[in-house]
Protein chains: 2
Amino acid sequence: MPRSTRRRPALAHPATEEIDLLDVLHALSDPTRMTIVRVLRAEPERACGTFPVDVAPSTLSHHFKVLRESGLISQREEANRRFSALRTVDLEQRFPGLLDTVLAAYLRTVPKLAGGLAGGPGGGEAAGGA
Amino acid sequence: MPRSTRRRPALAHPATEEIDLLDVLHALSDPTRMTIVRVLRAEPERACGTFPVDVAPSTLSHHFKVLRESGLISQREEANRRFSALRTVDLEQRFPGLLDTVLAAYLRTVPKLAGGLAGGPGGGEAAGGA
DNA sequence: TACGATGTTCGACGAACTACGAAATTGACG
DNA sequence: CGTCAATTTCGTAGTTCGTCGAACATCGTA
C-alpha cells in the first residue's frame, strides 16, 4: 500500500447521471456561489483562495462543498492546494444549454466586473450584492 | 365606495426589470414549486387548488407567494378563486431562453407524469419526493 | 342570514442554511 | 525539524425555509 498522493477522504463527486437539477438550481441561487461559477467559467481552473469573494475561508470551503456535491464543479488536489473547475462537459450532457443560459441571464443583471476577476481577492466584486 | 371587484390588499408582482435571477433560481429549487411551474407551462392558467401536489392549503399558499414575488408567475383574482399563470413573456424578455432550458432539463429527469396533470390532486405526482 | 368552498394570514416548530472562529491537516520551504 | 500557507473540519450562533393547524376573509348559494 503506497503512501499515495491522497490521504484525505477523497472528494466525492456525483456521477453525471446523478446530477440533480434542483440541487444545481439551489447551488446557483446563492450570490457567493454564483460568483464562483461565473469566475470559473472564464478560466479552466482556479485555486480556492483566489476568488473575488469576501467571506471567511471556512465559509468559502462550505460553498465549494455545496457546489461540488451538486455536480457543478470538480475539485482536484495538488499539494496543499485545491483546484476547482466547472464540469462544463458533464453539465452540458446532463442538462444541455443550462449553464450557458443561466450564466448569460446572470451576466445580464450584473454586467460590470470591476476588473478584479484576474487580480484575486480584495478586488471590486464583493459577491454579496444580490 | 363601490363594492369593487378587489377589496383585498392587491397582489404584488415585481416589474419585469425587477425580476432577480437568484430569486428565480431559488424559487425553482423546490420540488413543489417546480411542479407548479411545470404544470403551469402546459396550461395558460389554473386555479390554486387544482395542482397535483399534496401539501396543506396554507403551505401551497406560501409557495404561490414565493413564486409570485420571484416574478415567475402572475396571479389574478376572480370571485374567491385565484388563478395563476406563468409570466412567460416577461421571463423571456428578462432572461431569454431560461424558462425553456430549465423546464427541459427538469423534464429530462422526471419524464413521467402519471396522467394526473389534468385530473387534479390525489393523482400520481406527489411533488414532495426530492 | 347561514353555510360551504376557496384561499390567505398568523403563529409555531424542526430542519436546513450561512456565517464565523478555532483547531487540525497537509505540503512546501527555510 | 520548525514554520508558514492553504484548506478543511468542528462547534456554534443567527437566520431562513418548508410545513402545519387554527383562525379569518371572501364569494356564491341555499
# chains A, B, ... in the order shown; residues from 1 in each chain; ligands from 1
>>> select_by_dssp(residues="stretch 20-84 of chain A", states="strand (DSSP E)", output="list in words")
Arg46, Ala47, Ile73, Ser74, Gln75, Arg76, Glu77, Glu78, Arg81, Arg82, Phe83 and Ser84 of chain A
>>> closest_atom_pairs(of="chain B", to="chain C", cutoff="8 Å", atoms="only C-alpha atoms (C1' of nucleotides)", output="Markdown table")
| residue | atom | partner | partner_atom | distance |
| --- | --- | --- | --- | --- |
| B:Gly49 | CA | C:DT6 | C1' | 7.7 |
| B:Pro57 | CA | C:DG7 | C1' | 7.6 |
| B:Ser58 | CA | C:DT8 | C1' | 7.5 |
| B:Ser61 | CA | C:DT8 | C1' | 7.1 |
| B:Asn80 | CA | C:DT6 | C1' | 5.8 |
| B:Arg81 | CA | C:DT6 | C1' | 6.0 |
| B:Arg82 | CA | C:DG7 | C1' | 7.6 |
>>> residues_around(residues="A:His62", least_positions_apart="3", cutoff="12 Å", atoms="only C-alpha atoms (C1' of nucleotides)", output="list in words")
Ala27, Thr32, Arg33, Cys48, Val55, Ala56, Pro57, Ser58, Thr59, Lys65, Val66, Leu67, Arg68 and Glu69 of chain A; DC17, DT18, DA19 and DC20 of chain C; DT7, DT8 and DT9 of chain D
>>> write_last_selection(atoms="C-alpha atoms (C1' of nucleotides)", output="PDB file, in the first residue's frame")
ATOM      1  CA  ALA A  27     -26.496  25.880  -5.508  1.00  0.00           C
ATOM      2  CA  THR A  32     -21.302  33.862  -3.482  1.00  0.00           C
ATOM      3  CA  ARG A  33     -21.614  30.557  -5.274  1.00  0.00           C
ATOM      4  CA  CYS A  48      -9.915  28.074  -3.917  1.00  0.00           C
ATOM      5  CA  VAL A  55     -16.167  35.541   3.159  1.00  0.00           C
ATOM      6  CA  ALA A  56     -14.159  33.635   5.722  1.00  0.00           C
ATOM      7  CA  PRO A  57     -12.079  30.703   4.437  1.00  0.00           C
ATOM      8  CA  SER A  58     -14.244  28.223   6.275  1.00  0.00           C
ATOM      9  CA  THR A  59     -17.358  29.663   4.727  1.00  0.00           C
ATOM     10  CA  LYS A  65     -18.553  21.672  -0.964  1.00  0.00           C
ATOM     11  CA  VAL A  66     -22.098  22.616  -1.930  1.00  0.00           C
ATOM     12  CA  LEU A  67     -21.016  23.310  -5.494  1.00  0.00           C
ATOM     13  CA  ARG A  68     -19.102  20.070  -5.723  1.00  0.00           C
ATOM     14  CA  GLU A  69     -21.862  17.914  -4.268  1.00  0.00           C
TER      15      GLU A  69
ATOM     16  C1'  DC C  17     -28.678  27.228   5.593  1.00  0.00           C
ATOM     17  C1'  DT C  18     -24.990  30.754   6.043  1.00  0.00           C
ATOM     18  C1'  DA C  19     -21.693  32.594   8.707  1.00  0.00           C
ATOM     19  C1'  DC C  20     -17.699  32.760  11.757  1.00  0.00           C
TER      20       DC C  20
ATOM     21  C1'  DT D   7      -7.883  24.434   3.259  1.00  0.00           C
ATOM     22  C1'  DT D   8     -10.921  21.525   5.791  1.00  0.00           C
ATOM     23  C1'  DT D   9     -13.417  20.091   9.888  1.00  0.00           C
TER      24       DT D   9
END
>>> closest_atom_pairs(of="chain B", to="chain A", cutoff="9 Å", atoms="only C-alpha atoms", output="JSON lines")
{"residue": "B:Asp20", "atom": "CA", "partner": "A:Thr109", "partner_atom": "CA", "distance": 7.9}
{"residue": "B:Leu21", "atom": "CA", "partner": "A:Tyr106", "partner_atom": "CA", "distance": 6.4}
{"residue": "B:Leu22", "atom": "CA", "partner": "A:Ser29", "partner_atom": "CA", "distance": 4.6}
{"residue": "B:Asp23", "atom": "CA", "partner": "A:Ser29", "partner_atom": "CA", "distance": 6.8}
{"residue": "B:Val24", "atom": "CA", "partner": "A:Ser29", "partner_atom": "CA", "distance": 7.9}
{"residue": "B:Leu25", "atom": "CA", "partner": "A:Ser29", "partner_atom": "CA", "distance": 5.3}
{"residue": "B:His26", "atom": "CA", "partner": "A:Ser29", "partner_atom": "CA", "distance": 5.1}
{"residue": "B:Ala27", "atom": "CA", "partner": "A:His26", "partner_atom": "CA", "distance": 8.6}
{"residue": "B:Leu28", "atom": "CA", "partner": "A:Leu25", "partner_atom": "CA", "distance": 6.9}
{"residue": "B:Ser29", "atom": "CA", "partner": "A:Leu22", "partner_atom": "CA", "distance": 4.6}
{"residue": "B:Asp30", "atom": "CA", "partner": "A:Leu22", "partner_atom": "CA", "distance": 6.7}
{"residue": "B:Pro31", "atom": "CA", "partner": "A:Leu22", "partner_atom": "CA", "distance": 7.3}
{"residue": "B:Met34", "atom": "CA", "partner": "A:Leu22", "partner_atom": "CA", "distance": 8.5}
{"residue": "B:Arg94", "atom": "CA", "partner": "A:Ala105", "partner_atom": "CA", "distance": 7.9}
{"residue": "B:Phe95", "atom": "CA", "partner": "A:Ala105", "partner_atom": "CA", "distance": 5.2}
{"residue": "B:Pro96", "atom": "CA", "partner": "A:Ala105", "partner_atom": "CA", "distance": 7.4}
{"residue": "B:Gly97", "atom": "CA", "partner": "A:Thr101", "partner_atom": "CA", "distance": 6.6}
{"residue": "B:Leu98", "atom": "CA", "partner": "A:Thr101", "partner_atom": "CA", "distance": 5.8}
{"residue": "B:Thr101", "atom": "CA", "partner": "A:Leu98", "partner_atom": "CA", "distance": 5.8}
{"residue": "B:Val102", "atom": "CA", "partner": "A:Leu98", "partner_atom": "CA", "distance": 6.5}
{"residue": "B:Ala104", "atom": "CA", "partner": "A:Phe95", "partner_atom": "CA", "distance": 8.1}
{"residue": "B:Ala105", "atom": "CA", "partner": "A:Phe95", "partner_atom": "CA", "distance": 5.2}
{"residue": "B:Tyr106", "atom": "CA", "partner": "A:Leu21", "partner_atom": "CA", "distance": 6.5}
{"residue": "B:Arg108", "atom": "CA", "partner": "A:Phe95", "partner_atom": "CA", "distance": 7.9}
{"residue": "B:Thr109", "atom": "CA", "partner": "A:Leu21", "partner_atom": "CA", "distance": 7.8}
{"residue": "B:Ala130", "atom": "CA", "partner": "A:Leu22", "partner_atom": "CA", "distance": 8.2}
>>> interface_residues(of="chain D", to="chain B", cutoff="7 Å", atoms="only C-alpha atoms (C1' of nucleotides)", output="list in words")
DT19, DT26 and DC27 of chain D
>>> residues_around(residues="B:Leu86", least_positions_apart="6", cutoff="7 Å", atoms="only C-alpha atoms (C1' of nucleotides)", output="list in words")
Leu40, Arg41, Leu72, Ile73 and Ser74 of chain B
>>> decode(residues="stretch 96-109 of chain B", atoms="N, CA and C atoms", output="PDB file, in the first residue's frame")
ATOM      1  N   PRO B  96     -33.796  35.540 -21.600  1.00  0.00           N
ATOM      2  CA  PRO B  96     -34.167  34.768 -22.801  1.00  0.00           C
ATOM      3  C   PRO B  96     -33.748  33.303 -22.711  1.00  0.00           C
ATOM      4  N   GLY B  97     -34.692  32.444 -22.964  1.00  0.00           N
ATOM      5  CA  GLY B  97     -34.396  31.014 -23.028  1.00  0.00           C
ATOM      6  C   GLY B  97     -34.311  30.320 -21.688  1.00  0.00           C
ATOM      7  N   LEU B  98     -34.328  31.077 -20.610  1.00  0.00           N
ATOM      8  CA  LEU B  98     -34.123  30.461 -19.301  1.00  0.00           C
ATOM      9  C   LEU B  98     -35.198  29.443 -18.954  1.00  0.00           C
ATOM     10  N   LEU B  99     -36.449  29.879 -19.058  1.00  0.00           N
ATOM     11  CA  LEU B  99     -37.536  29.005 -18.654  1.00  0.00           C
ATOM     12  C   LEU B  99     -37.557  27.719 -19.485  1.00  0.00           C
ATOM     13  N   ASP B 100     -37.427  27.879 -20.777  1.00  0.00           N
ATOM     14  CA  ASP B 100     -37.421  26.700 -21.649  1.00  0.00           C
ATOM     15  C   ASP B 100     -36.302  25.737 -21.278  1.00  0.00           C
ATOM     16  N   THR B 101     -35.124  26.276 -21.086  1.00  0.00           N
ATOM     17  CA  THR B 101     -33.974  25.423 -20.793  1.00  0.00           C
ATOM     18  C   THR B 101     -34.135  24.701 -19.464  1.00  0.00           C
ATOM     19  N   VAL B 102     -34.561  25.436 -18.459  1.00  0.00           N
ATOM     20  CA  VAL B 102     -34.708  24.832 -17.139  1.00  0.00           C
ATOM     21  C   VAL B 102     -35.815  23.779 -17.147  1.00  0.00           C
ATOM     22  N   LEU B 103     -36.920  24.114 -17.767  1.00  0.00           N
ATOM     23  CA  LEU B 103     -38.026  23.150 -17.816  1.00  0.00           C
ATOM     24  C   LEU B 103     -37.632  21.910 -18.597  1.00  0.00           C
ATOM     25  N   ALA B 104     -36.936  22.114 -19.697  1.00  0.00           N
ATOM     26  CA  ALA B 104     -36.481  20.971 -20.488  1.00  0.00           C
ATOM     27  C   ALA B 104     -35.550  20.098 -19.659  1.00  0.00           C
ATOM     28  N   ALA B 105     -34.688  20.739 -18.890  1.00  0.00           N
ATOM     29  CA  ALA B 105     -33.767  19.985 -18.033  1.00  0.00           C
ATOM     30  C   ALA B 105     -34.540  19.216 -16.981  1.00  0.00           C
ATOM     31  N   TYR B 106     -35.576  19.826 -16.447  1.00  0.00           N
ATOM     32  CA  TYR B 106     -36.355  19.142 -15.415  1.00  0.00           C
ATOM     33  C   TYR B 106     -37.117  17.961 -16.004  1.00  0.00           C
ATOM     34  N   LEU B 107     -37.731  18.161 -17.140  1.00  0.00           N
ATOM     35  CA  LEU B 107     -38.479  17.073 -17.770  1.00  0.00           C
ATOM     36  C   LEU B 107     -37.558  15.910 -18.112  1.00  0.00           C
ATOM     37  N   ARG B 108     -36.318  16.219 -18.340  1.00  0.00           N
ATOM     38  CA  ARG B 108     -35.351  15.179 -18.650  1.00  0.00           C
ATOM     39  C   ARG B 108     -35.130  14.263 -17.442  1.00  0.00           C
ATOM     40  N   THR B 109     -35.284  14.803 -16.258  1.00  0.00           N
ATOM     41  CA  THR B 109     -35.051  13.998 -15.055  1.00  0.00           C
ATOM     42  C   THR B 109     -36.327  13.392 -14.502  1.00  0.00           C
TER      43      THR B 109
END
